[in-house]
Amino acid sequence: MTFRQEPTPRDPSAPVSGTPIPETQIPETQVLQAQAPRTSAPAGRAPRTRATKTQVPKTRAGVTPDPQARWSPGRGTAALFVLATVACIAGLAATYFFFVRTTTGQFIDESALVEAVALSGTAGKAATKLLDWLPALCVVIASIVVIFVTILRRRWAAAGIAIAACVGANLATQILKDLLPVRPYRGVETLELNSLPSGHTTMAASAAAAVFLMVSPRWRPLAGYLGGSFAVATGVSTLINQWHRPADVIAAFLVVGAFMLPAGWLIIRTGPRWNVWDGYGEHWASARIWVALPVLTGLAAAGVAAYALLSIGPGGQEISTTSYFWAGTSLIVIAGYLATVAAVWLFGLAARRRDA
């Protein structure tokens, strides 16, 4: 007799015999990421699932975590530096053409030189001492800057660029004196020997500009005011001693600017770590007073020049004794401090912001 064994219903709670299957533990975060969203998908489309890739923190568009890579010093200001350099060269050519090649320019320039005899007393002695000590002062200033800034701060590239520009400006001054034609006769009694640009003024202005370029941005407003005052005092001293005319001094400022502006841009570009500008008032050397003083002095000099020239101009009732001298002196002050304010503004604009 044959018995057919009926299949026994399987108990779900009974243990399963056989080789156990190892369980792999999946982190809860991956399980959650792998789950498909419980949303109704449109007909004919498969429901989309989230990617299980590791999420990378997003940043704002165009912003990277590195502050130095976000905004490099000098970036976006190259055109301004080129424009300022071209303006210095054009100003130098205009100064030479007006004060050397025209009758009116020769008369104003020579009259200021002749009238400086009236101040050849105590002021002349003080000016002579300043000019005698000028080479030594420039060497001392350069030595302090090279020792402190270059060695202690390790700004070797900045030192090399600044020194090269300083040497280039002084060499260019001496070359221009030899290459420029002598002063032509335009009815004004004057020496035909060309004295434009002033070598003493170039030496003082280039030394001051080198210090300005090598110090940190927070020190530049103070360095600009002190260096500009030193250069202006040197230029006025050469006029008092009748060594140079006002146009010679202004030409020296422009020669220094033509060399120091490109050098300054290179220093800013090669020193992104220390060319950081925190704005006015962050440090006592970056207070706005150091910009306000040259502006106010320049405005006062402009008033003096206007009064001096109007008193001897058409319809003037006075015969000039020292008016041309004061007008020439005012012109030196205006040019020197205008360059100072422009340099502080331009280099502050080109420096990297700490919070950029």
# chains A, B, ... in the order shown; residues from 1 in each chain; ligands from 1
$ closest_atom_pairs --of "region 170-272 of chain A" --to "region 293-301 of chain A" --cutoff "9 Å" --atoms "only C-alpha atoms" --output "Markdown table"
| residue | atom | partner | partner_atom | distance |
| --- | --- | --- | --- | --- |
| A:Tyr225 | CA | A:Pro294 | CA | 6.8 |
| A:Gly228 | CA | A:Pro294 | CA | 8.5 |
| A:Ser229 | CA | A:Pro294 | CA | 8.5 |
$ write_last_selection --atoms "N, CA and C atoms" --output "PDB file, in the first residue's frame"
ATOM      1  N   TYR A 225      53.189 110.903   3.704  1.00  0.00           N
ATOM      2  CA  TYR A 225      53.221 112.304   4.145  1.00  0.00           C
ATOM      3  C   TYR A 225      54.637 112.737   4.520  1.00  0.00           C
ATOM      4  N   GLY A 228      56.777 112.713   1.293  1.00  0.00           N
ATOM      5  CA  GLY A 228      56.416 113.839   0.432  1.00  0.00           C
ATOM      6  C   GLY A 228      56.911 115.161   0.980  1.00  0.00           C
ATOM      7  N   SER A 229      56.836 115.331   2.305  1.00  0.00           N
ATOM      8  CA  SER A 229      57.340 116.561   2.927  1.00  0.00           C
ATOM      9  C   SER A 229      58.850 116.680   2.760  1.00  0.00           C
TER      10      SER A 229
END
$ select_by_dssp --residues "region 50-298 of chain A" --states "alpha helix (DSSP H)" --output "number ranges by chain"
A: 67-70, 78-101, 103-115, 122-145, 153, 156-179, 199-214, 220-240, 246-270, 289-298
$ select_by_dssp --residues "region 139-355 of chain A" --states "strand (DSSP E)" --output "ChimeraX atom specification"
/A:276-277,352-353
$ residues_around --residues "His244 (chain A)" --least-positions-apart "3" --cutoff "8 Å" --atoms "only C-alpha atoms" --output "list in words"
Leu113, Ser195, Leu196, Ser198, Thr238, Leu239, Asn241, Asp248 and Val249 of chain A
